[in-house]
$ cat work-v7.tsv   # TSV, C-alpha atoms
chain	number	residue	atom	x	y	z
A	1	LEU	CA	30.36	112.52	65.78
A	2	MET	CA	27.32	110.94	67.40
A	3	PHE	CA	25.00	112.72	64.98
A	4	PHE	CA	27.13	111.58	62.05
A	5	LEU	CA	27.14	107.95	63.17
A	6	ILE	CA	23.36	107.94	63.61
A	7	VAL	CA	22.29	109.69	60.41
A	8	TYR	CA	24.89	108.05	58.17
A	9	THR	CA	23.98	104.58	59.44
A	10	THR	CA	20.33	105.42	58.76
A	11	ALA	CA	21.19	106.50	55.21
A	12	ILE	CA	23.06	103.23	54.59
A	13	LEU	CA	20.22	101.09	55.95
A	14	ALA	CA	17.78	102.92	53.68
A	15	SER	CA	19.40	101.22	50.69
A	16	PHE	CA	17.98	97.90	51.90
A	17	LEU	CA	14.37	99.11	52.05
A	18	PRO	CA	12.28	97.50	49.27
A	19	VAL	CA	9.73	100.32	48.88
A	20	GLN	CA	10.62	103.76	47.54
A	21	GLY	CA	7.95	105.34	49.74
A	22	ALA	CA	9.77	104.12	52.84
A	23	LYS	CA	13.05	105.46	51.45
A	24	ASN	CA	11.45	108.85	50.91
A	25	GLY	CA	10.37	108.78	54.55
A	26	VAL	CA	13.98	108.19	55.54
A	27	ALA	CA	15.04	111.11	53.33
A	28	LEU	CA	12.64	113.42	55.19
A	29	ALA	CA	13.91	112.10	58.51
A	30	LEU	CA	17.52	112.79	57.51
A	31	ALA	CA	16.68	116.35	56.47
A	32	GLY	CA	14.84	116.82	59.74
A	33	ALA	CA	17.82	115.45	61.66
A	34	TYR	CA	20.04	118.13	60.16
A	35	ILE	CA	17.59	120.84	61.22
A	36	ILE	CA	17.66	119.40	64.75
A	37	TYR	CA	21.47	119.38	64.69
A	38	VAL	CA	21.60	123.06	63.68
A	39	TYR	CA	19.04	123.98	66.34
A	40	GLN	CA	20.87	122.13	69.10
A	41	THR	CA	24.21	123.60	68.06
A	42	LEU	CA	22.85	127.14	68.16
A	43	ARG	CA	21.08	126.48	71.45
A	44	ASP	CA	24.08	124.92	73.17
A	45	CYS	CA	26.42	127.67	71.99
A	46	LYS	CA	24.16	130.56	72.91
A	47	ASP	CA	25.80	131.22	76.28
A	48	GLU	CA	28.80	128.89	76.52
A	49	CYS	CA	30.69	129.18	73.23
A	50	ARG	CA	33.30	131.85	72.73
A	51	HIS	CA	32.32	133.55	69.48
A	52	GLU	CA	35.35	134.16	67.30
A	53	GLN	CA	35.23	136.90	64.70
A	54	PRO	CA	36.24	135.87	61.17
A	55	ALA	CA	38.53	137.91	58.96
A	56	PRO	CA	37.18	141.20	57.51
A	57	LEU	CA	34.96	140.93	54.45
A	58	TYR	CA	37.09	140.92	51.28
A	59	MET	CA	34.85	143.36	49.45
A	60	GLU	CA	34.80	145.82	52.36
A	61	ARG	CA	38.13	145.29	54.07
A	62	GLY	CA	38.25	148.77	55.58
A	63	LYS	CA	35.00	148.34	57.52
A	64	SER	CA	34.63	146.42	60.77
A	65	SER	CA	30.85	146.12	60.21
A	66	PRO	CA	30.13	145.56	56.49
A	67	SER	CA	26.66	146.20	55.11
A	68	LEU	CA	24.22	143.33	54.72
A	69	GLY	CA	23.97	143.96	51.00
A	70	MET	CA	27.73	143.61	50.54
A	71	ILE	CA	27.76	140.42	52.63
A	72	LEU	CA	25.00	138.89	50.48
A	73	LEU	CA	26.80	139.99	47.30
A	74	GLN	CA	30.05	138.30	48.34
A	75	ILE	CA	28.19	135.12	49.35
A	76	THR	CA	26.35	135.08	46.00
A	77	LEU	CA	29.56	135.52	44.02
A	78	ALA	CA	31.24	132.76	46.04
A	79	LEU	CA	28.32	130.38	45.43
A	80	VAL	CA	28.37	131.11	41.69
A	81	ALA	CA	32.11	130.40	41.59
A	82	ILE	CA	31.58	127.11	43.45
A	83	ILE	CA	28.78	126.01	41.10
A	84	VAL	CA	30.74	126.91	37.96
A	85	GLY	CA	33.87	125.22	39.28
A	86	ALA	CA	31.95	122.08	40.25
A	87	ASP	CA	30.34	121.88	36.81
A	88	ARG	CA	33.71	122.19	35.06
A	89	PHE	CA	35.22	119.60	37.41
A	90	VAL	CA	32.47	117.03	36.78
A	91	ASN	CA	32.72	117.50	33.00
A	92	ALA	CA	36.51	117.07	33.12
A	93	VAL	CA	36.58	113.74	34.99
A	94	GLN	CA	35.45	111.56	32.08
A	95	PRO	CA	37.94	112.81	29.43
A	96	ILE	CA	40.79	112.60	31.96
A	97	ALA	CA	39.85	108.99	32.79
A	98	VAL	CA	39.69	108.11	29.09
A	99	ALA	CA	43.07	109.72	28.45
A	100	MET	CA	44.61	107.78	31.36
A	101	GLY	CA	42.95	104.53	30.31
A	102	ILE	CA	41.19	103.87	33.62
A	103	PRO	CA	37.47	103.50	34.44
A	104	VAL	CA	35.67	106.78	35.10
A	105	PHE	CA	34.15	105.33	38.27
A	106	VAL	CA	37.59	104.57	39.73
A	107	LEU	CA	38.94	108.03	38.96
A	108	SER	CA	35.87	109.71	40.42
A	109	LEU	CA	36.06	107.66	43.62
A	110	ILE	CA	39.71	108.62	44.17
A	111	ILE	CA	39.93	112.19	42.87
A	112	THR	CA	36.50	113.59	43.72
A	113	PRO	CA	36.76	113.27	47.53
A	114	ILE	CA	40.21	114.89	47.48
A	115	ALA	CA	39.19	117.69	45.12
A	116	THR	CA	36.04	118.53	47.08
A	117	GLU	CA	37.21	118.01	50.67
A	118	LEU	CA	40.77	119.34	50.59
A	119	PRO	CA	39.82	123.00	49.98
A	120	GLU	CA	37.22	122.80	52.74
A	121	LYS	CA	39.65	121.28	55.21
A	122	PHE	CA	42.20	123.94	54.30
A	123	ASN	CA	39.77	126.47	55.79
A	124	SER	CA	40.15	124.70	59.11
A	125	VAL	CA	43.94	124.74	58.77
A	126	LEU	CA	43.88	128.51	58.24
A	127	TRP	CA	41.59	129.00	61.23
A	128	VAL	CA	43.81	126.86	63.46
A	129	ARG	CA	46.85	128.93	62.44
A	130	LYS	CA	44.97	132.03	63.60
A	131	GLY	CA	43.97	130.41	66.90
A	132	LYS	CA	40.29	130.12	65.93
A	133	ASP	CA	39.79	126.53	67.07
A	134	THR	CA	36.01	126.83	67.43
A	135	LEU	CA	35.57	127.89	63.81
A	136	ALA	CA	37.93	125.12	62.63
A	137	MET	CA	36.08	122.40	64.53
A	138	GLY	CA	32.69	123.77	63.51
A	139	ASN	CA	33.74	123.59	59.87
A	140	LEU	CA	34.71	119.92	60.21
A	141	THR	CA	31.80	118.65	62.29
A	142	GLY	CA	29.22	120.71	60.42
A	143	ALA	CA	30.42	119.32	57.10
A	144	MET	CA	30.30	115.76	58.44
A	145	VAL	CA	26.68	116.06	59.57
A	146	PHE	CA	25.55	117.96	56.46
A	147	GLN	CA	27.12	115.47	54.05
A	148	SER	CA	25.80	112.47	55.96
A	149	SER	CA	22.22	113.75	56.21
A	150	VAL	CA	21.21	116.33	53.60
A	151	ILE	CA	23.24	114.92	50.69
A	152	PRO	CA	22.05	111.30	51.21
A	153	ALA	CA	18.50	112.64	51.62
A	154	ILE	CA	18.73	114.21	48.16
A	155	GLY	CA	20.20	110.99	46.75
A	156	ILE	CA	17.47	108.86	48.31
A	157	ALA	CA	14.72	111.14	46.98
A	158	LEU	CA	16.07	111.41	43.43
A	159	THR	CA	17.51	107.93	42.81
A	160	SER	CA	16.64	104.30	43.49
A	161	TRP	CA	19.31	104.35	46.26
A	162	ARG	CA	20.60	100.82	45.79
A	163	LEU	CA	24.18	100.88	46.98
A	164	ASP	CA	26.58	98.42	45.36
A	165	PHE	CA	29.50	96.66	47.05
A	166	LEU	CA	31.99	99.51	46.71
A	167	ALA	CA	29.52	102.11	47.92
A	168	LEU	CA	28.56	100.03	50.96
A	169	TRP	CA	32.19	99.20	51.74
A	170	SER	CA	33.26	102.86	51.55
A	171	ALA	CA	30.34	103.81	53.81
A	172	LEU	CA	31.34	101.18	56.38
A	173	LEU	CA	34.93	102.43	56.29
A	174	ALA	CA	33.70	105.97	56.94
A	175	LEU	CA	31.71	104.75	59.93
A	176	GLY	CA	34.72	102.85	61.22
A	177	ALA	CA	36.94	105.91	60.91
A	178	ALA	CA	34.39	107.95	62.89
A	179	ILE	CA	33.81	105.37	65.63
A	180	ILE	CA	37.46	105.43	66.73
A	181	PRO	CA	37.61	109.14	67.71
A	182	PHE	CA	34.07	108.88	69.12
A	183	LEU	CA	35.14	106.09	71.48
A	184	SER	CA	38.29	108.03	72.35
A	185	LEU	CA	36.18	111.01	73.38
A	186	ARG	CA	33.90	108.78	75.45
A	187	ARG	CA	36.71	107.03	77.29
A	188	ARG	CA	39.49	109.64	77.46
A	189	GLY	CA	37.64	112.91	77.06
A	190	GLY	CA	39.94	113.83	74.16
A	191	ILE	CA	41.36	112.71	70.85
A	192	LEU	CA	45.05	111.87	70.44
A	193	PRO	CA	46.93	112.64	67.20
A	194	THR	CA	47.56	108.91	66.72
A	195	THR	CA	43.83	108.33	66.93
A	196	LEU	CA	43.22	110.80	64.12
A	197	LEU	CA	46.00	109.27	62.01
A	198	LEU	CA	44.17	105.94	62.09
A	199	GLY	CA	41.64	107.55	59.76
A	200	GLY	CA	44.33	107.49	57.08
A	201	VAL	CA	44.46	103.71	57.38
A	202	PHE	CA	40.77	103.48	56.53
A	203	TYR	CA	41.30	105.72	53.51
A	204	LEU	CA	44.20	103.58	52.27
A	205	VAL	CA	42.01	100.49	52.59
A	206	PHE	CA	39.37	102.32	50.56
A	207	ILE	CA	41.87	103.18	47.79
A	208	VAL	CA	43.17	99.59	47.64
A	209	THR	CA	39.61	98.24	47.46
A	210	VAL	CA	38.66	100.60	44.64
A	211	ILE	CA	41.71	99.60	42.58
A	212	ARG	CA	41.28	95.90	43.35
A	213	PHE	CA	37.59	95.48	42.57
A	214	SER	CA	37.02	98.06	39.82

$ encode --input "work-v7.tsv" --output "structure tokens"
Amino acid sequence: LMFFLIVYTTAILASFLPVQGAKNGVALALAGAYIIYVYQTLRDCKDECRHEQPAPLYMERGKSSPSLGMILLQITLALVAIIVGADRFVNAVQPIAVAMGIPVFVLSLIITPIATELPEKFNSVLWVRKGKDTLAMGNLTGAMVFQSSVIPAIGIALTSWRLDFLALWSALLALGAAIIPFLSLRRRGGILPTTLLLGGVFYLVFIVTVIRFS
């Protein structure tokens, strides 16, 4: 959570920099921050974390130790499926918006986060059901840091990175939703279910804002 708050705030502030060269420097810093996050995670978990074994490999279910080649093959096929699915999803948003008579931007802001995040979060739900809490939490926190550092870094490097009102407002709502559990951890040493549910309030505010100002 602390990493997310730092790197995402940095990415937001980069939109106010007048020179593209300075923005590119921020992009490099964000990418470097993610490398530091991965290094610290691996270092801190080297001796203390309880390593939980995932389910057997689908393509070699009968083997407890699948071959490296089969592992790489399954990863490659999964990545191809993700890329093809993402391409089809992006191309389908515009005709759906036209058919519904709403702006494409509004539909993308509402549907895209749900379509992209819900399958990922479902992985954590499955892991929790199997008692693999470490894998479930790692999936959530790793995604937060990756999407707040590497993805903005790519956006900063490839675009002018001038965030409009809706983009800035949604970013501030995301920071607000993250600050609440962060403060809960600092003060209580844990996160209550009611604390997590407050994140839904921020998302509702986001939806209302998108509909109101688009």

$ residues_near_point --input "work-v7.tsv" --point "(30.7, 122.0, 67.0)" --cutoff "12 Å" --atoms "only C-alpha atoms" --output "short mmCIF file (atom, residue, chain, number, x, y, z; two decimals) with C-alpha atoms, in the coordinates of the input"
data_model
loop_
_atom_site.label_atom_id
_atom_site.label_comp_id
_atom_site.auth_asym_id
_atom_site.auth_seq_id
_atom_site.Cartn_x
_atom_site.Cartn_y
_atom_site.Cartn_z
CA LEU A 1 30.36 112.52 65.78
CA MET A 2 27.32 110.94 67.40
CA PHE A 3 25.00 112.72 64.98
CA TYR A 37 21.47 119.38 64.69
CA VAL A 38 21.60 123.06 63.68
CA TYR A 39 19.04 123.98 66.34
CA GLN A 40 20.87 122.13 69.10
CA THR A 41 24.21 123.60 68.06
CA LEU A 42 22.85 127.14 68.16
CA ARG A 43 21.08 126.48 71.45
CA ASP A 44 24.08 124.92 73.17
CA CYS A 45 26.42 127.67 71.99
CA GLU A 48 28.80 128.89 76.52
CA CYS A 49 30.69 129.18 73.23
CA ARG A 50 33.30 131.85 72.73
CA HIS A 51 32.32 133.55 69.48
CA ASP A 133 39.79 126.53 67.07
CA THR A 134 36.01 126.83 67.43
CA LEU A 135 35.57 127.89 63.81
CA ALA A 136 37.93 125.12 62.63
CA MET A 137 36.08 122.40 64.53
CA GLY A 138 32.69 123.77 63.51
CA ASN A 139 33.74 123.59 59.87
CA LEU A 140 34.71 119.92 60.21
CA THR A 141 31.80 118.65 62.29
CA GLY A 142 29.22 120.71 60.42
CA ALA A 143 30.42 119.32 57.10
CA MET A 144 30.30 115.76 58.44
CA VAL A 145 26.68 116.06 59.57
#

$ closest_residue --input "work-v7.tsv" --among "A:Pro95, A:Leu5, A:Ala31, A:Thr10" --to "Ala153 in chain A" --atoms "only C-alpha atoms"
A:Ala31

$ residues_near_point --input "work-v7.tsv" --point "(34.5, 105.2, 60.2)" --cutoff "12 Å" --atoms "all atoms listed in the file" --output "ChimeraX atom specification"
/A:1-2,4-6,8-9,144,169-183,195-196,198-203,205-206

$ write_last_selection --input "work-v7.tsv" --atoms "C-alpha atoms" --output "compact mmCIF listing (two decimals), keeping the file's coordinate frame"
# COMPACT_ATOMS: atom_id res chain seq x y z
CA LEU A 1 30.36 112.52 65.78
CA MET A 2 27.32 110.94 67.40
CA PHE A 4 27.13 111.58 62.05
CA LEU A 5 27.14 107.95 63.17
CA ILE A 6 23.36 107.94 63.61
CA TYR A 8 24.89 108.05 58.17
CA THR A 9 23.98 104.58 59.44
CA MET A 144 30.30 115.76 58.44
CA TRP A 169 32.19 99.20 51.74
CA SER A 170 33.26 102.86 51.55
CA ALA A 171 30.34 103.81 53.81
CA LEU A 172 31.34 101.18 56.38
CA LEU A 173 34.93 102.43 56.29
CA ALA A 174 33.70 105.97 56.94
CA LEU A 175 31.71 104.75 59.93
CA GLY A 176 34.72 102.85 61.22
CA ALA A 177 36.94 105.91 60.91
CA ALA A 178 34.39 107.95 62.89
CA ILE A 179 33.81 105.37 65.63
CA ILE A 180 37.46 105.43 66.73
CA PRO A 181 37.61 109.14 67.71
CA PHE A 182 34.07 108.88 69.12
CA LEU A 183 35.14 106.09 71.48
CA THR A 195 43.83 108.33 66.93
CA LEU A 196 43.22 110.80 64.12
CA LEU A 198 44.17 105.94 62.09
CA GLY A 199 41.64 107.55 59.76
CA GLY A 200 44.33 107.49 57.08
CA VAL A 201 44.46 103.71 57.38
CA PHE A 202 40.77 103.48 56.53
CA TYR A 203 41.30 105.72 53.51
CA VAL A 205 42.01 100.49 52.59
CA PHE A 206 39.37 102.32 50.56

$ closest_residue --input "work-v7.tsv" --among "A:Lys23, A:Leu107, A:Val7, A:Leu13" --to "Gly155 in chain A" --atoms "all atoms listed in the file"
A:Lys23

$ residues_around --input "work-v7.tsv" --residues "Leu68 in chain A" --least-positions-apart "6" --cutoff "12 Å" --atoms "all atoms listed in the file" --output "list in words"
Leu57, Met59, Glu60, Gln74 and Ile75 of chain A

$ closest_residue --input "work-v7.tsv" --among "A:Ala11, A:Val98, A:Met70, A:Ile154" --to "Pro56 in chain A" --atoms "all atoms listed in the file"
A:Met70
